[in-house]
Amino acid sequence: MDSLIPFTTSGSLVDCVDRKMMVVLRDGRKLIGVLRSYDQFANLVLEDTVERIYHTDVYAERWQGLYLIRGENVVLLGEIDLDQEDDIPLRQVEWNVLEPYHKQDIATKKKKDEYKAGVLYEQKGFCKEGGEGDGY
Amino acid sequence: MIELRLPLSLLNAAQNKPMLVELKNGETFNGHLVNCDNFMNITLREVYQTNPDGDRFWKVKECYIRGSTIKYLRVPDTLLDAVKEEQNKAREAGRSARGSHVSGSGGRGMCCHYALPCMFAYSDEHEQGVLPSKEVRSNIEILIYF
(Lines give C-alpha, C1' and ligand atoms only; values in the text may rest on other atoms or scores of the structure.)
Protein backbone atom coordinates (compact mmCIF):
# COMPACT_ATOMS: atom_id res chain seq x y z
CA MET A 1 0.00 0.00 0.00
CA ASP A 2 2.94 2.35 0.62
CA SER A 3 3.73 2.51 -3.09
CA LEU A 4 0.19 3.71 -3.76
CA ILE A 5 0.51 6.79 -1.54
CA PRO A 6 1.40 9.13 -4.44
CA PHE A 7 -1.75 7.97 -6.26
CA THR A 8 -4.25 8.25 -3.43
CA THR A 9 -6.69 11.13 -3.22
CA SER A 10 -4.62 14.11 -2.16
CA GLY A 11 -7.43 16.17 -0.69
CA SER A 12 -8.82 13.39 1.46
CA LEU A 13 -9.60 13.84 5.12
CA VAL A 14 -10.15 10.14 5.67
CA ASP A 15 -6.95 9.88 7.73
CA CYS A 16 -8.21 12.57 10.07
CA VAL A 17 -11.51 10.88 10.96
CA ASP A 18 -11.90 9.85 14.60
CA ARG A 19 -8.85 11.90 15.53
CA LYS A 20 -8.63 14.89 17.80
CA MET A 21 -8.30 17.96 15.63
CA MET A 22 -7.91 21.68 16.07
CA VAL A 23 -10.02 23.65 13.61
CA VAL A 24 -9.36 27.35 13.04
CA LEU A 25 -12.34 29.25 11.65
CA ARG A 26 -12.23 32.40 9.57
CA ASP A 27 -13.54 34.46 12.47
CA GLY A 28 -10.44 33.43 14.42
CA ARG A 29 -12.09 30.84 16.67
CA LYS A 30 -10.10 27.77 17.64
CA LEU A 31 -12.19 24.64 18.13
CA ILE A 32 -10.74 21.36 19.34
CA GLY A 33 -12.75 18.20 18.89
CA VAL A 34 -12.89 14.72 17.41
CA LEU A 35 -13.50 14.79 13.67
CA ARG A 36 -16.35 12.38 12.97
CA SER A 37 -17.15 13.05 9.32
CA TYR A 38 -16.60 15.30 6.32
CA ASP A 39 -17.78 15.70 2.75
CA GLN A 40 -16.59 17.09 -0.59
CA PHE A 41 -16.99 20.69 0.65
CA ALA A 42 -14.97 19.91 3.78
CA ASN A 43 -18.07 20.47 5.91
CA LEU A 44 -17.06 18.90 9.21
CA VAL A 45 -18.73 17.13 12.10
CA LEU A 46 -16.77 17.71 15.29
CA GLU A 47 -17.70 15.84 18.47
CA ASP A 48 -16.96 16.84 22.10
CA THR A 49 -15.75 20.20 20.94
CA VAL A 50 -14.07 22.75 23.20
CA GLU A 51 -13.44 26.32 22.19
CA ARG A 52 -10.08 27.58 23.33
CA ILE A 53 -8.81 31.14 23.71
CA TYR A 54 -5.23 32.24 24.28
CA HIS A 55 -3.63 35.32 25.78
CA THR A 56 0.14 35.64 26.28
CA ASP A 57 1.06 32.56 28.31
CA VAL A 58 -2.44 31.69 29.48
CA TYR A 59 -5.37 29.82 27.91
CA ALA A 60 -8.99 28.96 28.72
CA GLU A 61 -11.44 26.39 27.42
CA ARG A 62 -15.21 26.22 27.07
CA TRP A 63 -17.10 23.03 26.27
CA GLN A 64 -19.38 23.38 23.28
CA GLY A 65 -20.54 19.90 22.24
CA LEU A 66 -21.41 18.67 18.75
CA TYR A 67 -20.63 20.97 15.81
CA LEU A 68 -21.54 20.85 12.15
CA ILE A 69 -19.16 23.34 10.53
CA ARG A 70 -19.70 24.65 7.02
CA GLY A 71 -16.52 24.00 5.05
CA GLU A 72 -16.00 27.46 3.60
CA ASN A 73 -15.50 28.91 7.08
CA VAL A 74 -12.56 26.69 7.90
CA VAL A 75 -9.04 28.05 7.60
CA LEU A 76 -7.17 24.95 8.66
CA LEU A 77 -7.33 21.61 10.42
CA GLY A 78 -4.49 20.32 12.55
CA GLU A 79 -4.12 16.95 14.20
CA ILE A 80 -3.52 17.07 17.93
CA ASP A 81 -0.80 14.73 19.12
CA LEU A 82 -2.33 13.07 22.16
CA ASP A 83 1.11 12.27 23.59
CA GLN A 84 2.33 15.86 23.48
CA GLU A 85 -1.03 17.44 24.18
CA ASP A 86 -0.40 17.92 27.89
CA ASP A 87 3.08 19.38 27.52
CA ILE A 88 1.73 22.84 26.82
CA PRO A 89 3.96 25.55 28.37
CA LEU A 90 0.82 27.56 29.13
CA ARG A 91 -1.30 27.96 32.23
CA GLN A 92 -5.02 27.18 32.14
CA VAL A 93 -7.50 29.61 33.74
CA GLU A 94 -11.27 30.10 33.89
CA TRP A 95 -13.02 31.18 30.73
CA ASN A 96 -14.76 34.23 32.21
CA VAL A 97 -11.45 35.48 33.61
CA LEU A 98 -9.66 35.38 30.28
CA GLU A 99 -12.51 36.39 28.00
CA PRO A 100 -12.20 40.20 28.44
CA TYR A 101 -8.48 40.03 27.64
CA HIS A 102 -9.20 37.94 24.60
CA LYS A 103 -11.84 40.40 23.39
CA GLN A 104 -9.35 43.21 23.83
CA ASP A 105 -6.78 41.30 21.78
CA ILE A 106 -9.30 40.88 18.99
CA ALA A 107 -10.20 44.56 18.99
CA THR A 108 -6.54 45.63 18.90
CA LYS A 109 -5.80 43.22 16.09
CA LYS A 110 -8.79 44.44 14.11
CA LYS A 111 -7.69 48.06 14.41
CA LYS A 112 -4.14 47.17 13.42
CA ASP A 113 -5.31 45.20 10.38
CA GLU A 114 -7.60 48.01 9.30
CA TYR A 115 -4.79 50.54 9.62
CA LYS A 116 -2.44 48.26 7.68
CA ALA A 117 -5.02 47.74 4.93
CA GLY A 118 -5.50 51.51 4.75
CA VAL A 119 -1.78 52.15 4.34
CA LEU A 120 -1.39 49.43 1.72
CA TYR A 121 -4.33 50.89 -0.17
CA GLU A 122 -3.21 54.50 -0.05
CA GLN A 123 0.50 54.02 -0.58
CA LYS A 124 0.94 50.78 -2.45
CA GLY A 125 -2.25 50.37 -4.46
CA PHE A 126 -3.46 47.18 -2.74
CA CYS A 127 -7.21 46.56 -2.81
CA LYS A 128 -9.25 46.96 0.32
CA GLU A 129 -10.77 43.77 1.67
CA GLY A 130 -14.29 43.03 0.48
CA GLY A 131 -15.69 43.00 4.01
CA GLU A 132 -15.22 39.28 4.51
CA GLY A 133 -14.39 40.09 8.09
CA ASP A 134 -11.74 37.43 8.50
CA GLY A 135 -10.53 37.48 12.07
CA TYR A 136 -7.70 34.97 11.93
CA MET B 1 -15.22 0.71 12.06
CA ILE B 2 -15.05 3.05 9.10
CA GLU B 3 -17.62 5.81 9.62
CA LEU B 4 -18.78 7.22 6.32
CA ARG B 5 -21.77 9.26 7.40
CA LEU B 6 -21.86 12.65 5.71
CA PRO B 7 -22.28 15.89 7.68
CA LEU B 8 -25.47 16.72 5.78
CA SER B 9 -27.01 13.38 6.66
CA LEU B 10 -26.44 14.31 10.30
CA LEU B 11 -28.32 17.52 9.62
CA ASN B 12 -31.20 15.62 8.02
CA ALA B 13 -31.36 13.39 11.06
CA ALA B 14 -31.63 16.46 13.27
CA GLN B 15 -35.14 17.36 12.09
CA ASN B 16 -37.34 18.54 14.95
CA LYS B 17 -34.33 18.77 17.24
CA PRO B 18 -33.24 22.04 18.84
CA MET B 19 -30.09 23.64 17.53
CA LEU B 20 -28.05 26.80 17.43
CA VAL B 21 -27.11 28.28 14.08
CA GLU B 22 -24.44 30.95 13.82
CA LEU B 23 -24.27 32.96 10.63
CA LYS B 24 -21.15 34.40 9.05
CA ASN B 25 -22.04 37.82 10.41
CA GLY B 26 -22.19 36.47 13.98
CA GLU B 27 -25.97 36.44 14.42
CA THR B 28 -27.27 33.39 16.25
CA PHE B 29 -30.55 31.57 15.80
CA ASN B 30 -31.78 29.13 18.44
CA GLY B 31 -34.66 27.00 17.26
CA HIS B 32 -35.99 23.64 16.17
CA LEU B 33 -35.09 22.40 12.72
CA VAL B 34 -38.09 21.99 10.46
CA ASN B 35 -36.40 21.09 7.21
CA CYS B 36 -33.11 21.26 5.36
CA ASP B 37 -31.72 20.59 1.89
CA ASN B 38 -28.45 19.77 0.19
CA PHE B 39 -27.43 23.42 0.07
CA MET B 40 -27.71 23.58 3.87
CA ASN B 41 -30.71 25.94 3.47
CA ILE B 42 -32.79 25.42 6.61
CA THR B 43 -36.11 26.38 8.12
CA LEU B 44 -36.45 26.73 11.86
CA ARG B 45 -39.43 27.22 14.16
CA GLU B 46 -39.77 28.87 17.60
CA VAL B 47 -36.60 30.82 16.97
CA TYR B 48 -34.70 33.14 19.30
CA GLN B 49 -32.55 35.42 17.19
CA THR B 50 -29.61 37.32 18.69
CA ASN B 51 -27.52 40.00 17.05
CA PRO B 52 -23.71 39.63 16.75
CA ASP B 53 -22.99 41.71 19.87
CA GLY B 54 -25.39 39.65 21.92
CA ASP B 55 -27.39 42.62 23.18
CA ARG B 56 -30.56 42.45 21.07
CA PHE B 57 -33.05 39.61 20.88
CA TRP B 58 -36.00 38.71 18.70
CA LYS B 59 -38.50 35.89 18.96
CA VAL B 60 -39.51 34.61 15.56
CA LYS B 61 -42.09 31.91 14.93
CA GLU B 62 -40.53 30.59 11.75
CA CYS B 63 -37.53 31.54 9.71
CA TYR B 64 -35.63 30.46 6.63
CA ILE B 65 -31.85 30.63 6.53
CA ARG B 66 -29.91 30.39 3.29
CA GLY B 67 -27.16 27.79 3.58
CA SER B 68 -24.47 30.03 2.15
CA THR B 69 -24.79 32.42 5.11
CA ILE B 70 -24.20 29.78 7.75
CA LYS B 71 -20.94 29.60 9.67
CA TYR B 72 -21.77 26.57 11.77
CA LEU B 73 -24.56 24.67 13.55
CA ARG B 74 -24.46 23.33 17.10
CA VAL B 75 -26.63 20.30 17.69
CA PRO B 76 -27.46 18.18 20.77
CA ASP B 77 -24.64 15.73 21.55
CA THR B 78 -27.03 12.82 21.79
CA LEU B 79 -27.80 13.28 18.09
CA LEU B 80 -24.68 11.45 16.90
CA ASP B 81 -25.53 8.33 18.88
CA ALA B 82 -29.16 8.48 17.78
CA VAL B 83 -28.13 8.63 14.13
CA LYS B 84 -25.67 5.74 14.52
CA GLU B 85 -28.47 3.66 16.06
CA GLU B 86 -30.81 4.45 13.20
CA GLN B 87 -28.20 3.61 10.58
CA ASN B 88 -27.37 0.30 12.30
CA LYS B 89 -31.04 -0.63 12.44
CA ALA B 90 -31.55 0.25 8.79
CA ARG B 91 -28.49 -1.74 7.84
CA GLU B 92 -29.59 -4.81 9.85
CA ALA B 93 -33.06 -4.66 8.31
CA GLY B 94 -31.59 -4.32 4.80
CA ARG B 95 -29.14 -7.16 5.22
CA SER B 96 -31.59 -9.64 6.67
CA ALA B 97 -34.01 -8.85 3.87
CA ARG B 98 -31.44 -9.55 1.19
CA GLY B 99 -29.54 -12.44 2.73
CA SER B 100 -26.14 -13.17 1.18
CA HIS B 101 -26.83 -11.47 -2.16
CA VAL B 102 -24.24 -8.79 -2.88
CA SER B 103 -25.99 -5.84 -4.43
CA GLY B 104 -24.79 -2.58 -5.95
CA SER B 105 -24.08 0.54 -4.02
CA GLY B 106 -27.59 1.97 -4.42
CA GLY B 107 -29.15 -0.06 -1.68
CA ARG B 108 -26.48 0.72 0.84
CA GLY B 109 -27.25 4.30 1.61
CA MET B 110 -25.99 7.55 0.23
CA CYS B 111 -22.43 7.26 1.47
CA CYS B 112 -21.23 4.45 -0.74
CA HIS B 113 -20.53 6.28 -3.95
CA TYR B 114 -18.17 8.53 -2.07
CA ALA B 115 -16.62 5.59 -0.29
CA LEU B 116 -15.96 3.37 -3.27
CA PRO B 117 -13.47 5.69 -5.01
CA CYS B 118 -11.43 5.80 -1.77
CA MET B 119 -11.68 2.05 -1.38
CA PHE B 120 -10.72 1.63 -5.02
CA ALA B 121 -7.54 3.57 -4.47
CA TYR B 122 -6.51 1.29 -1.63
CA SER B 123 -7.26 -2.01 -3.30
CA ASP B 124 -4.58 -4.20 -4.79
CA GLU B 125 -6.33 -4.20 -8.16
CA HIS B 126 -5.56 -0.52 -8.60
CA GLU B 127 -2.35 -0.97 -10.54
CA GLN B 128 -4.31 -2.35 -13.47
CA GLY B 129 -6.55 0.70 -13.52
CA VAL B 130 -9.66 -1.49 -13.51
CA LEU B 131 -12.51 -1.85 -11.10
CA PRO B 132 -11.74 -4.41 -8.39
CA SER B 133 -13.01 -7.94 -8.98
CA LYS B 134 -16.35 -8.98 -7.53
CA GLU B 135 -14.62 -10.74 -4.63
CA VAL B 136 -12.54 -7.73 -3.72
CA ARG B 137 -15.60 -5.52 -4.10
CA SER B 138 -17.65 -7.65 -1.75
CA ASN B 139 -14.77 -7.63 0.72
CA ILE B 140 -14.62 -3.88 0.43
CA GLU B 141 -18.34 -3.65 1.07
CA ILE B 142 -17.86 -5.74 4.17
CA LEU B 143 -15.07 -3.38 5.23
CA ILE B 144 -17.41 -0.43 4.94
CA TYR B 145 -19.74 -1.84 7.55
CA PHE B 146 -17.16 -3.27 9.89
# chains A, B, ... in the order shown; residues from 1 in each chain; ligands from 1
>>> residues_around(residues="region 71-85 of chain B", least_positions_apart="4", cutoff="6 Å", atoms="only C-alpha atoms", output="list in words")
Gly65, Leu66, Tyr67, Leu68, Ile69 and Arg70 of chain A; Met19, Leu20, Val21, Glu22, Leu23 and Lys24 of chain B
>>> interface_residues(of="chain A", to="chain B", cutoff="9 Å", atoms="only C-alpha atoms", output="ChimeraX atom specification")
/A:1,4-5,7-9,12,14,17-18,25,27,36-40,43-45,47-48,64-73,132-133
>>> write_last_selection(atoms="N, CA, C and O atoms", output="CSV table (one decimal), in the first residue's frame")
chain,number,residue,atom,x,y,z
A,1,MET,N,0.8,-1.2,0.0
A,1,MET,CA,0.0,0.0,0.0
A,1,MET,C,0.9,1.3,0.0
A,1,MET,O,0.5,2.3,-0.5
A,4,LEU,N,1.4,3.1,-3.2
A,4,LEU,CA,0.2,3.7,-3.8
A,4,LEU,C,0.0,5.1,-3.2
A,4,LEU,O,-0.9,5.8,-3.7
A,5,ILE,N,0.8,5.5,-2.2
A,5,ILE,CA,0.5,6.8,-1.5
A,5,ILE,C,0.5,8.0,-2.5
A,5,ILE,O,-0.4,8.8,-2.5
A,7,PHE,N,-0.6,8.0,-5.4
A,7,PHE,CA,-1.8,8.0,-6.3
A,7,PHE,C,-3.1,8.1,-5.5
A,7,PHE,O,-4.1,8.2,-6.1
A,8,THR,N,-3.0,8.1,-4.2
A,8,THR,CA,-4.3,8.2,-3.4
A,8,THR,C,-4.8,9.7,-3.5
A,8,THR,O,-4.0,10.6,-3.7
A,9,THR,N,-6.0,9.8,-3.2
A,9,THR,CA,-6.7,11.1,-3.2
A,9,THR,C,-5.9,12.1,-2.3
A,9,THR,O,-5.8,11.9,-1.1
A,12,SER,N,-8.0,14.2,0.6
A,12,SER,CA,-8.8,13.4,1.5
A,12,SER,C,-8.6,13.6,2.9
A,12,SER,O,-7.5,13.8,3.4
A,14,VAL,N,-9.8,11.4,5.1
A,14,VAL,CA,-10.1,10.1,5.7
A,14,VAL,C,-9.2,9.8,6.8
A,14,VAL,O,-9.6,9.1,7.7
A,17,VAL,N,-10.3,11.2,10.3
A,17,VAL,CA,-11.5,10.9,11.0
A,17,VAL,C,-11.2,10.1,12.3
A,17,VAL,O,-10.2,9.4,12.3
A,18,ASP,N,-12.0,10.4,13.3
A,18,ASP,CA,-11.9,9.8,14.6
A,18,ASP,C,-10.6,10.3,15.3
A,18,ASP,O,-10.1,9.6,16.2
A,25,LEU,N,-11.3,28.7,12.5
A,25,LEU,CA,-12.3,29.2,11.6
A,25,LEU,C,-11.9,30.6,11.2
A,25,LEU,O,-11.0,31.2,11.7
A,27,ASP,N,-13.4,33.4,11.5
A,27,ASP,CA,-13.5,34.5,12.5
A,27,ASP,C,-12.5,34.4,13.6
A,27,ASP,O,-12.5,35.2,14.5
A,36,ARG,N,-15.6,13.6,13.2
A,36,ARG,CA,-16.3,12.4,13.0
A,36,ARG,C,-16.7,12.2,11.5
A,36,ARG,O,-16.7,11.0,11.0
A,37,SER,N,-16.9,13.2,10.7
A,37,SER,CA,-17.1,13.0,9.3
A,37,SER,C,-16.9,14.3,8.5
A,37,SER,O,-16.8,15.4,9.1
A,38,TYR,N,-16.9,14.2,7.2
A,38,TYR,CA,-16.6,15.3,6.3
A,38,TYR,C,-17.2,15.0,5.0
A,38,TYR,O,-17.7,13.8,4.8
A,39,ASP,N,-17.3,16.0,4.1
A,39,ASP,CA,-17.8,15.7,2.8
A,39,ASP,C,-16.9,16.5,1.7
A,39,ASP,O,-15.9,17.0,2.1
A,40,GLN,N,-17.4,16.5,0.5
A,40,GLN,CA,-16.6,17.1,-0.6
A,40,GLN,C,-16.4,18.6,-0.4
A,40,GLN,O,-15.5,19.2,-1.0
A,43,ASN,N,-17.2,20.3,4.8
A,43,ASN,CA,-18.1,20.5,5.9
A,43,ASN,C,-17.6,19.4,6.9
A,43,ASN,O,-17.3,18.3,6.6
A,44,LEU,N,-17.6,19.8,8.2
A,44,LEU,CA,-17.1,18.9,9.2
A,44,LEU,C,-18.1,18.6,10.3
A,44,LEU,O,-18.9,19.5,10.7
A,45,VAL,N,-18.0,17.4,10.9
A,45,VAL,CA,-18.7,17.1,12.1
A,45,VAL,C,-17.7,16.9,13.2
A,45,VAL,O,-16.8,16.0,13.1
A,47,GLU,N,-17.0,16.3,17.3
A,47,GLU,CA,-17.7,15.8,18.5
A,47,GLU,C,-16.9,16.2,19.7
A,47,GLU,O,-15.7,16.3,19.7
A,48,ASP,N,-17.6,16.5,20.8
A,48,ASP,CA,-17.0,16.8,22.1
A,48,ASP,C,-16.0,18.0,21.9
A,48,ASP,O,-14.9,18.0,22.4
A,64,GLN,N,-18.3,23.0,24.2
A,64,GLN,CA,-19.4,23.4,23.3
A,64,GLN,C,-20.2,22.2,22.7
A,64,GLN,O,-21.3,22.5,22.3
A,65,GLY,N,-19.7,21.0,22.7
A,65,GLY,CA,-20.5,19.9,22.2
A,65,GLY,C,-20.3,19.5,20.8
A,65,GLY,O,-19.2,19.5,20.3
A,66,LEU,N,-21.5,19.2,20.1
A,66,LEU,CA,-21.4,18.7,18.8
A,66,LEU,C,-21.6,19.8,17.7
A,66,LEU,O,-22.5,20.5,17.8
A,67,TYR,N,-20.6,19.9,16.8
A,67,TYR,CA,-20.6,21.0,15.8
A,67,TYR,C,-20.8,20.4,14.4
A,67,TYR,O,-20.1,19.4,14.1
A,68,LEU,N,-21.6,21.1,13.6
A,68,LEU,CA,-21.5,20.8,12.2
A,68,LEU,C,-21.0,22.1,11.6
A,68,LEU,O,-21.7,23.2,11.6
A,69,ILE,N,-19.8,22.1,11.0
A,69,ILE,CA,-19.2,23.3,10.5
A,69,ILE,C,-19.2,23.4,9.0
A,69,ILE,O,-18.8,22.4,8.3
A,70,ARG,N,-19.7,24.5,8.5
A,70,ARG,CA,-19.7,24.6,7.0
A,70,ARG,C,-18.3,24.9,6.5
A,70,ARG,O,-17.5,25.7,7.0
A,71,GLY,N,-17.9,24.1,5.5
A,71,GLY,CA,-16.5,24.0,5.1
A,71,GLY,C,-15.9,25.3,4.7
A,71,GLY,O,-14.7,25.5,5.0
A,72,GLU,N,-16.6,26.2,4.1
A,72,GLU,CA,-16.0,27.5,3.6
A,72,GLU,C,-15.5,28.4,4.7
A,72,GLU,O,-14.8,29.3,4.5
A,73,ASN,N,-15.9,28.1,6.0
A,73,ASN,CA,-15.5,28.9,7.1
A,73,ASN,C,-14.3,28.4,7.8
A,73,ASN,O,-13.8,29.0,8.7
A,132,GLU,N,-15.0,40.7,4.1
A,132,GLU,CA,-15.2,39.3,4.5
A,132,GLU,C,-15.1,39.1,6.0
A,132,GLU,O,-15.5,38.1,6.6
A,133,GLY,N,-14.5,40.1,6.6
A,133,GLY,CA,-14.4,40.1,8.1
A,133,GLY,C,-13.6,38.9,8.6
A,133,GLY,O,-14.0,38.4,9.7
>>> select_by_dssp(residues="region 3-126 of chain A", states="strand (DSSP E or B)", output="number ranges by chain")
A: 20-25, 30-38, 44-55, 58-69, 74-79, 91-93
>>> residues_around(residues="Lys110 (chain A)", least_positions_apart="3", cutoff="10 Å", atoms="only C-alpha atoms", output="list in words")
Gln104, Asp105, Ile106, Ala107, Asp113, Glu114, Tyr115, Lys116, Gly133, Asp134, Gly135 and Tyr136 of chain A
>>> atom_distance(atom1="CA of Ala13 (chain B)", atom2="CA of Phe57 (chain B)")
28.1 Å
>>> atom_distance(atom1="CA of Val58 (chain A)", atom2="CA of Cys16 (chain A)")
27.8 Å
>>> atom_distance(atom1="CA of Leu98 (chain A)", atom2="CA of Trp63 (chain A)")
15.0 Å
>>> closest_residue(among="A:Cys127, A:Leu31, A:Tyr121, A:Arg26", to="Tyr54 (chain A)", atoms="only C-alpha atoms")
A:Leu31
>>> residues_around(residues="region 50-53 of chain B", least_positions_apart="2", cutoff="7 Å", atoms="only C-alpha atoms", output="PDB file with all heavy atoms, in the first residue's frame")
ATOM      1  N   ASN B  25     -22.137  36.490   9.818  1.00  0.00           N
ATOM      2  CA  ASN B  25     -22.038  37.825  10.415  1.00  0.00           C
ATOM      3  C   ASN B  25     -22.106  37.786  11.944  1.00  0.00           C
ATOM      4  O   ASN B  25     -22.066  38.820  12.576  1.00  0.00           O
ATOM      5  CB  ASN B  25     -23.138  38.746   9.871  1.00  0.00           C
ATOM      6  CG  ASN B  25     -24.529  38.234  10.206  1.00  0.00           C
ATOM      7  OD1 ASN B  25     -24.690  37.320  11.018  1.00  0.00           O
ATOM      8  ND2 ASN B  25     -25.537  38.829   9.612  1.00  0.00           N
ATOM      9  N   GLY B  26     -22.213  36.592  12.518  1.00  0.00           N
ATOM     10  CA  GLY B  26     -22.188  36.473  13.977  1.00  0.00           C
ATOM     11  C   GLY B  26     -23.556  36.405  14.625  1.00  0.00           C
ATOM     12  O   GLY B  26     -23.661  36.186  15.843  1.00  0.00           O
ATOM     13  N   GLU B  27     -24.628  36.577  13.853  1.00  0.00           N
ATOM     14  CA  GLU B  27     -25.969  36.442  14.424  1.00  0.00           C
ATOM     15  C   GLU B  27     -26.225  34.990  14.790  1.00  0.00           C
ATOM     16  O   GLU B  27     -25.774  34.087  14.082  1.00  0.00           O
ATOM     17  CB  GLU B  27     -27.024  36.868  13.396  1.00  0.00           C
ATOM     18  CG  GLU B  27     -27.265  38.354  13.371  1.00  0.00           C
ATOM     19  CD  GLU B  27     -28.358  38.731  12.375  1.00  0.00           C
ATOM     20  OE1 GLU B  27     -29.365  37.998  12.300  1.00  0.00           O
ATOM     21  OE2 GLU B  27     -28.171  39.722  11.674  1.00  0.00           O
ATOM     22  N   THR B  28     -26.961  34.776  15.889  1.00  0.00           N
ATOM     23  CA  THR B  28     -27.265  33.393  16.250  1.00  0.00           C
ATOM     24  C   THR B  28     -28.766  33.158  16.249  1.00  0.00           C
ATOM     25  O   THR B  28     -29.545  34.044  16.594  1.00  0.00           O
ATOM     26  CB  THR B  28     -26.718  33.035  17.643  1.00  0.00           C
ATOM     27  OG1 THR B  28     -27.228  33.961  18.580  1.00  0.00           O
ATOM     28  CG2 THR B  28     -25.215  33.044  17.670  1.00  0.00           C
ATOM     29  N   PHE B  29     -29.152  31.963  15.855  1.00  0.00           N
ATOM     30  CA  PHE B  29     -30.545  31.565  15.797  1.00  0.00           C
ATOM     31  C   PHE B  29     -30.701  30.271  16.584  1.00  0.00           C
ATOM     32  O   PHE B  29     -30.102  29.256  16.242  1.00  0.00           O
ATOM     33  CB  PHE B  29     -30.965  31.303  14.345  1.00  0.00           C
ATOM     34  CG  PHE B  29     -31.026  32.551  13.509  1.00  0.00           C
ATOM     35  CD1 PHE B  29     -29.869  33.153  13.066  1.00  0.00           C
ATOM     36  CD2 PHE B  29     -32.244  33.117  13.179  1.00  0.00           C
ATOM     37  CE1 PHE B  29     -29.906  34.305  12.303  1.00  0.00           C
ATOM     38  CE2 PHE B  29     -32.307  34.277  12.409  1.00  0.00           C
ATOM     39  CZ  PHE B  29     -31.139  34.866  11.974  1.00  0.00           C
ATOM     40  N   TYR B  48     -35.188  31.979  18.552  1.00  0.00           N
ATOM     41  CA  TYR B  48     -34.700  33.138  19.296  1.00  0.00           C
ATOM     42  C   TYR B  48     -33.472  33.662  18.569  1.00  0.00           C
ATOM     43  O   TYR B  48     -32.447  33.004  18.520  1.00  0.00           O
ATOM     44  CB  TYR B  48     -34.333  32.749  20.735  1.00  0.00           C
ATOM     45  CG  TYR B  48     -35.542  32.404  21.560  1.00  0.00           C
ATOM     46  CD1 TYR B  48     -36.004  31.092  21.639  1.00  0.00           C
ATOM     47  CD2 TYR B  48     -36.252  33.390  22.244  1.00  0.00           C
ATOM     48  CE1 TYR B  48     -37.121  30.790  22.379  1.00  0.00           C
ATOM     49  CE2 TYR B  48     -37.368  33.085  22.989  1.00  0.00           C
ATOM     50  CZ  TYR B  48     -37.804  31.781  23.056  1.00  0.00           C
ATOM     51  OH  TYR B  48     -38.912  31.470  23.782  1.00  0.00           O
ATOM     52  N   ASP B  55     -26.607  41.748  22.311  1.00  0.00           N
ATOM     53  CA  ASP B  55     -27.393  42.616  23.176  1.00  0.00           C
ATOM     54  C   ASP B  55     -28.814  42.853  22.690  1.00  0.00           C
ATOM     55  O   ASP B  55     -29.593  43.518  23.347  1.00  0.00           O
ATOM     56  CB  ASP B  55     -26.674  43.962  23.378  1.00  0.00           C
ATOM     57  CG  ASP B  55     -26.348  44.641  22.041  1.00  0.00           C
ATOM     58  OD1 ASP B  55     -26.769  44.114  20.999  1.00  0.00           O
ATOM     59  OD2 ASP B  55     -25.676  45.684  22.062  1.00  0.00           O
ATOM     60  N   ARG B  56     -29.176  42.289  21.524  1.00  0.00           N
ATOM     61  CA  ARG B  56     -30.561  42.452  21.066  1.00  0.00           C
ATOM     62  C   ARG B  56     -31.143  41.086  20.732  1.00  0.00           C
ATOM     63  O   ARG B  56     -30.453  40.223  20.193  1.00  0.00           O
ATOM     64  CB  ARG B  56     -30.614  43.356  19.837  1.00  0.00           C
ATOM     65  CG  ARG B  56     -30.233  44.799  20.139  1.00  0.00           C
ATOM     66  CD  ARG B  56     -30.700  45.715  19.033  1.00  0.00           C
ATOM     67  NE  ARG B  56     -32.163  45.697  18.921  1.00  0.00           N
ATOM     68  CZ  ARG B  56     -32.823  46.125  17.853  1.00  0.00           C
ATOM     69  NH1 ARG B  56     -32.178  46.583  16.811  1.00  0.00           N
ATOM     70  NH2 ARG B  56     -34.138  46.095  17.824  1.00  0.00           N
ATOM     71  N   PHE B  57     -32.424  40.909  21.080  1.00  0.00           N
ATOM     72  CA  PHE B  57     -33.054  39.610  20.878  1.00  0.00           C
ATOM     73  C   PHE B  57     -34.379  39.756  20.160  1.00  0.00           C
ATOM     74  O   PHE B  57     -35.090  40.737  20.334  1.00  0.00           O
ATOM     75  CB  PHE B  57     -33.316  38.925  22.223  1.00  0.00           C
ATOM     76  CG  PHE B  57     -32.080  38.757  23.050  1.00  0.00           C
ATOM     77  CD1 PHE B  57     -31.661  39.758  23.912  1.00  0.00           C
ATOM     78  CD2 PHE B  57     -31.332  37.596  22.952  1.00  0.00           C
ATOM     79  CE1 PHE B  57     -30.510  39.607  24.668  1.00  0.00           C
ATOM     80  CE2 PHE B  57     -30.190  37.440  23.703  1.00  0.00           C
ATOM     81  CZ  PHE B  57     -29.773  38.440  24.558  1.00  0.00           C
ATOM     82  N   TRP B  58     -34.702  38.760  19.338  1.00  0.00           N
ATOM     83  CA  TRP B  58     -36.004  38.705  18.705  1.00  0.00           C
ATOM     84  C   TRP B  58     -36.555  37.302  18.856  1.00  0.00           C
ATOM     85  O   TRP B  58     -35.812  36.327  18.815  1.00  0.00           O
ATOM     86  CB  TRP B  58     -35.893  38.980  17.200  1.00  0.00           C
ATOM     87  CG  TRP B  58     -35.429  40.352  16.832  1.00  0.00           C
ATOM     88  CD1 TRP B  58     -36.217  41.423  16.531  1.00  0.00           C
ATOM     89  CD2 TRP B  58     -34.084  40.796  16.681  1.00  0.00           C
ATOM     90  NE1 TRP B  58     -35.441  42.505  16.210  1.00  0.00           N
ATOM     91  CE2 TRP B  58     -34.127  42.154  16.292  1.00  0.00           C
ATOM     92  CE3 TRP B  58     -32.841  40.189  16.847  1.00  0.00           C
ATOM     93  CZ2 TRP B  58     -32.975  42.914  16.067  1.00  0.00           C
ATOM     94  CZ3 TRP B  58     -31.689  40.938  16.622  1.00  0.00           C
ATOM     95  CH2 TRP B  58     -31.768  42.284  16.245  1.00  0.00           C
TER      96      TRP B  58
END
>>> residues_around(residues="Asn35 (chain B)", least_positions_apart="3", cutoff="7 Å", atoms="only C-alpha atoms", output="ChimeraX atom specification")
/B:15,42-43
